[in-house]
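For reference, protein_31.csv (CSV, C-alpha atoms and all ligand atoms):
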```
chain,number,residue,atom,x,y,z
B,95,MET,CA,0.0,0.0,0.0
B,96,SER,CA,1.4,3.4,-1.0
B,97,PRO,CA,1.8,6.2,1.7
B,98,ALA,CA,-1.2,8.0,0.0
B,99,GLU,CA,-3.4,4.9,0.3
B,100,ARG,CA,-2.4,4.4,3.9
B,101,PHE,CA,-3.4,8.0,4.8
B,102,LEU,CA,-6.6,7.6,2.8
B,103,CYS,CA,-7.4,4.5,4.8
B,104,GLU,CA,-6.8,6.4,8.0
B,105,ALA,CA,-9.2,9.1,6.8
B,106,ILE,CA,-11.8,6.4,5.9
B,107,ASP,CA,-11.4,4.7,9.3
B,108,LEU,CA,-12.0,8.1,11.0
B,109,ALA,CA,-15.1,8.6,8.9
B,110,ARG,CA,-16.3,5.0,9.7
B,111,GLU,CA,-15.9,5.7,13.4
B,112,ASN,CA,-17.7,9.0,13.0
B,113,VAL,CA,-20.7,7.2,11.5
B,114,ARG,CA,-20.8,4.8,14.5
B,115,LYS,CA,-21.1,7.9,16.7
B,116,GLY,CA,-24.0,9.3,14.7
B,117,GLY,CA,-22.0,11.5,12.4
B,118,ARG,CA,-21.6,11.8,8.6
B,119,PRO,CA,-19.1,9.6,6.7
B,120,PHE,CA,-16.3,12.1,6.3
B,121,GLY,CA,-12.8,12.1,7.8
B,122,ALA,CA,-9.6,13.9,6.9
B,123,VAL,CA,-5.9,13.5,7.8
B,124,LEU,CA,-3.5,16.4,7.4
B,125,VAL,CA,0.1,15.5,6.7
B,126,LYS,CA,3.4,17.5,6.8
B,127,ASP,CA,6.7,16.0,5.9
B,128,GLY,CA,5.2,12.5,5.8
B,129,ALA,CA,3.8,12.7,9.3
B,130,VAL,CA,0.2,13.2,10.4
B,131,ILE,CA,-0.1,16.5,12.3
B,132,ALA,CA,-3.9,16.7,12.6
B,133,THR,CA,-7.1,14.8,11.8
B,134,GLY,CA,-10.7,15.8,11.6
B,135,VAL,CA,-14.2,14.3,11.2
B,136,ASN,CA,-17.4,15.9,10.2
B,137,GLU,CA,-18.9,17.3,13.4
B,138,ILE,CA,-22.1,18.9,12.2
B,139,HIS,CA,-24.2,16.4,14.2
B,140,THR,CA,-22.7,17.6,17.5
B,141,THR,CA,-21.8,21.3,16.8
B,142,GLN,CA,-24.8,22.3,14.7
B,143,ASP,CA,-22.1,24.3,12.9
B,144,PRO,CA,-22.4,23.7,9.1
B,145,THR,CA,-18.7,24.6,8.6
B,146,THR,CA,-17.4,21.7,10.7
B,147,HIS,CA,-16.6,19.5,7.7
B,148,ALA,CA,-13.8,17.0,8.3
B,149,GLU,CA,-11.3,18.9,6.2
B,150,LEU,CA,-12.0,22.2,7.9
B,151,GLN,CA,-11.7,20.5,11.3
B,152,ALA,CA,-8.3,19.1,10.4
B,153,ILE,CA,-7.2,22.5,9.1
B,154,ARG,CA,-8.4,24.1,12.4
B,155,ALA,CA,-6.5,21.5,14.5
B,156,ALA,CA,-3.4,21.8,12.4
B,157,SER,CA,-3.4,25.6,12.6
B,158,ARG,CA,-3.7,25.3,16.4
B,159,ALA,CA,-1.0,22.7,16.6
B,160,LEU,CA,1.4,24.8,14.5
B,161,GLY,CA,0.3,28.1,16.0
B,162,SER,CA,-0.1,29.6,12.5
B,163,PRO,CA,-2.9,30.2,9.9
B,164,ARG,CA,-0.4,29.1,7.2
B,165,LEU,CA,-0.2,25.5,6.3
B,166,ASP,CA,2.2,25.6,3.4
B,167,GLY,CA,3.7,22.3,2.6
B,168,CYS,CA,0.9,20.3,4.1
B,169,VAL,CA,-1.2,17.8,2.3
B,170,ILE,CA,-4.7,16.7,3.1
B,171,TYR,CA,-6.0,13.2,2.6
B,172,ALA,CA,-9.8,13.1,2.7
B,173,SER,CA,-12.3,10.3,2.7
B,174,GLY,CA,-14.6,12.2,0.3
B,175,HIS,CA,-14.3,14.8,-2.4
B,176,PRO,CA,-13.7,18.1,-0.7
B,177,CYS,CA,-16.5,20.7,-1.0
B,178,PRO,CA,-15.8,24.2,-2.4
B,179,MET,CA,-15.8,25.7,1.2
B,180,CYS,CA,-13.0,23.3,2.3
B,181,LEU,CA,-11.1,23.7,-1.0
B,182,SER,CA,-11.2,27.5,-0.5
B,183,ALA,CA,-9.9,27.0,3.0
B,184,MET,CA,-7.0,25.0,1.6
B,185,HIS,CA,-6.2,27.9,-0.8
B,186,LEU,CA,-6.4,30.4,2.1
B,187,THR,CA,-3.9,28.4,4.2
B,188,GLY,CA,-1.4,27.6,1.4
B,189,ILE,CA,-2.2,23.9,1.2
B,190,ARG,CA,-1.4,22.9,-2.4
B,191,GLU,CA,-2.3,19.2,-2.4
B,192,VAL,CA,-5.4,17.2,-1.5
B,193,THR,CA,-6.2,13.5,-2.3
B,194,TYR,CA,-9.6,11.9,-1.8
B,195,ALA,CA,-11.0,8.4,-1.9
B,196,TYR,CA,-14.8,8.7,-2.5
B,197,SER,CA,-15.9,10.8,-5.4
B,198,ASN,CA,-19.0,13.0,-5.8
B,199,SER,CA,-20.4,10.3,-8.1
B,200,ASP,CA,-19.9,7.8,-5.3
B,201,GLY,CA,-21.7,10.1,-2.9
B,202,GLU,CA,-24.5,11.2,-5.2
B,203,PRO,CA,-26.9,8.2,-4.5
B,204,TYR,CA,-26.6,8.9,-0.8
B,205,GLY,CA,-27.1,12.7,-0.9
B,206,LEU,CA,-23.3,13.1,-0.1
B,207,SER,CA,-22.2,14.9,-3.3
B,208,THR,CA,-21.3,18.6,-3.4
B,209,ALA,CA,-21.1,18.6,-7.3
B,210,ALA,CA,-24.1,20.9,-7.5
B,211,ILE,CA,-22.2,23.6,-5.6
B,212,TYR,CA,-19.2,23.2,-7.9
B,213,ALA,CA,-21.6,23.5,-10.9
B,214,GLU,CA,-23.1,26.7,-9.4
B,215,LEU,CA,-19.7,28.2,-8.7
B,216,ALA,CA,-18.5,27.5,-12.3
B,217,LYS,CA,-21.2,29.9,-13.6
B,218,PRO,CA,-20.5,33.6,-13.9
B,219,LEU,CA,-21.5,35.3,-10.6
B,220,ALA,CA,-24.4,37.1,-12.2
B,221,GLU,CA,-25.9,33.7,-13.2
B,222,GLN,CA,-25.5,32.0,-9.9
B,223,SER,CA,-28.6,31.3,-7.7
B,224,LEU,CA,-27.1,33.1,-4.7
B,225,LYS,CA,-27.7,36.8,-5.1
B,226,ILE,CA,-24.6,38.8,-4.5
B,227,ALA,CA,-24.9,42.6,-4.4
B,228,HIS,CA,-22.2,45.2,-4.4
B,229,VAL,CA,-23.2,48.4,-2.7
B,230,PRO,CA,-20.1,50.6,-2.3
B,231,VAL,CA,-21.2,52.5,0.8
B,232,ARG,CA,-18.5,54.5,2.6
B,233,CYS,CA,-19.5,55.6,6.1
B,234,GLU,CA,-18.0,58.3,8.3
B,235,ASP,CA,-14.8,58.1,10.3
B,236,GLY,CA,-12.4,57.5,7.4
B,237,ASP,CA,-11.8,54.7,5.1
B,238,LEU,CA,-11.9,51.2,6.6
B,239,TYR,CA,-9.0,49.8,4.5
B,240,GLU,CA,-6.8,52.8,5.2
B,241,LEU,CA,-7.4,52.2,8.9
B,242,TRP,CA,-6.2,48.7,8.5
B,243,ARG,CA,-3.1,49.8,6.4
B,244,ASP,CA,-2.2,52.3,9.1
B,245,ALA,CA,-2.7,49.7,11.9
B,246,ALA,CA,-0.5,47.3,9.9
B,247,SER,CA,2.3,49.9,9.6
B,248,VAL,CA,2.9,49.7,13.4
B,249,SER,CA,4.0,46.0,13.0
B,250,LEU,CA,7.8,45.6,13.5
B,251,ASP,CA,8.9,45.2,9.9
B,252,GLY,CA,6.0,47.1,8.4
B,253,SER,CA,5.4,44.4,5.9
B,254,GLY,CA,2.0,43.4,7.2
B,255,ALA,CA,3.3,39.9,6.9
B,256,GLY,CA,0.7,37.2,7.7
B,257,ARG,CA,-2.1,39.7,7.3
B,258,SER,CA,-3.2,38.7,3.8
B,259,ALA,CA,-6.8,37.8,3.5
G,1,LIG,N1,-15.9,16.2,1.7
G,1,LIG,C1,-16.8,16.4,2.6
G,1,LIG,C2,-18.1,16.7,2.2
G,1,LIG,C3,-19.0,17.0,3.2
G,1,LIG,N2,-18.7,17.0,4.5
G,1,LIG,C4,-17.4,16.8,4.9
G,1,LIG,O1,-17.1,16.8,6.1
G,1,LIG,N3,-16.5,16.5,3.9
```
Write the structure described by the file as structure tokens, please.
Amino acid sequence: MSPAERFLCEAIDLARENVRKGGRPFGAVLVKDGAVIATGVNEIHTTQDPTTHAELQAIRAASRALGSPRLDGCVIYASGHPCPMCLSAMHLTGIREVTYAYSNSDGEPYGLSTAAIYAELAKPLAEQSLKIAHVPVRCEDGDLYELWRDAASVSLDGSGAGRSA
């Protein structure tokens, strides 16, 4: 069994255990330099928080463990195809690689596919079902982003390092 297959089996084992505990069948393992540094399972059934997907929970745990919101060089092994929310979180943290075992097609008959969201996001914004409006209001007390830039300038090197979105 390849290292990737081993980590995927670990993610699937976590997902299986989560199902036994009343949760959804999703697990994730986060690996850095060949070692597992964090794991996660889908916790929506206990948290009532719709963002507690397995991959996000692993990212949260890894960020806590490393004391940083940057997870460059880390790889995620997920039991199921990551949803767009989790994929975005990977982009935000610098994770450049994810491998999954169960596809959206595998999940479709069970209501476990996020393919519909991917299809929606592939459309131009104006054609998506979620209404997104830009109202460029500027309130009093100065510009919000200038406030941030000026606050950033008090950091030691003035680079604003680590403050990217
Ligand atoms: N890939 C996933 C889809 C849905 N929920 C999860 O936790 N993970």
Quiz item: Please, which residues have at least one atom within 6 Å of an atom of ligand LIG 1 (chain G), using only C-alpha atoms and all ligand atoms, listed as a list of chain:residue names?
Solution: B:Phe120, B:Asn136, B:His147, B:Ala148, B:Gly174, B:His175, B:Pro176, B:Cys177
Mind writing the picked residues with C-alpha atoms as a PDB file, in the coordinates of the input?
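See out_10.pdb below for the written result:
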```pdb
ATOM      1  CA  PHE B 120     -16.300  12.100   6.300  1.00  0.00           C
ATOM      2  CA  ASN B 136     -17.400  15.900  10.200  1.00  0.00           C
ATOM      3  CA  HIS B 147     -16.600  19.500   7.700  1.00  0.00           C
ATOM      4  CA  ALA B 148     -13.800  17.000   8.300  1.00  0.00           C
ATOM      5  CA  GLY B 174     -14.600  12.200   0.300  1.00  0.00           C
ATOM      6  CA  HIS B 175     -14.300  14.800  -2.400  1.00  0.00           C
ATOM      7  CA  PRO B 176     -13.700  18.100  -0.700  1.00  0.00           C
ATOM      8  CA  CYS B 177     -16.500  20.700  -1.000  1.00  0.00           C
TER       9      CYS B 177
END
```
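For the pair atom CA of B:Tyr239 and atom CA of B:Pro163, the interatomic distance is 21.2 Å.
When all atoms listed in the file are used to measure the gap to B:Glu191, the shortest distance among B:Tyr171, B:Tyr212, B:Tyr204, B:Trp242 belongs to B:Tyr171.
Across the model, the gap from atom CA of B:Thr193 to atom CA of B:Ala122 is 9.8 Å.
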Please, which residues in stretch 160-253 of chain B fall within 10 Å of stretch 103-112 of chain B when counting all atoms listed in the file, and what is the closest atom pair and distance in Å to one decimal for each, ordered by chain then residue number, as JSON lines?
```
{"residue": "B:Ile170", "atom": "CA", "partner": "B:Ala105", "partner_atom": "CA", "distance": 9.6}
{"residue": "B:Tyr171", "atom": "CA", "partner": "B:Ala105", "partner_atom": "CA", "distance": 6.7}
{"residue": "B:Ala172", "atom": "CA", "partner": "B:Ala105", "partner_atom": "CA", "distance": 5.8}
{"residue": "B:Ser173", "atom": "CA", "partner": "B:Ile106", "partner_atom": "CA", "distance": 5.1}
{"residue": "B:Gly174", "atom": "CA", "partner": "B:Ile106", "partner_atom": "CA", "distance": 8.5}
{"residue": "B:Tyr194", "atom": "CA", "partner": "B:Ala105", "partner_atom": "CA", "distance": 9.1}
{"residue": "B:Ala195", "atom": "CA", "partner": "B:Ile106", "partner_atom": "CA", "distance": 8.1}
{"residue": "B:Tyr196", "atom": "CA", "partner": "B:Ile106", "partner_atom": "CA", "distance": 9.2}
```
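With only C-alpha atoms as the basis for measurement, B:Pro178 is the residue among B:Gly236, B:Pro230, B:Gly161, B:Pro178 that approaches B:Ile211 most closely.
One finds atom CA of B:Thr140 at 20.4 Å from atom CA of B:Ala156.
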Self-check item: Selection: 8 Å around B:Arg190, all atoms listed in the file, excl. self and same-chain fewer than 4 positions, as a ChimeraX atom specification
Solution: /B:166-169,184-185
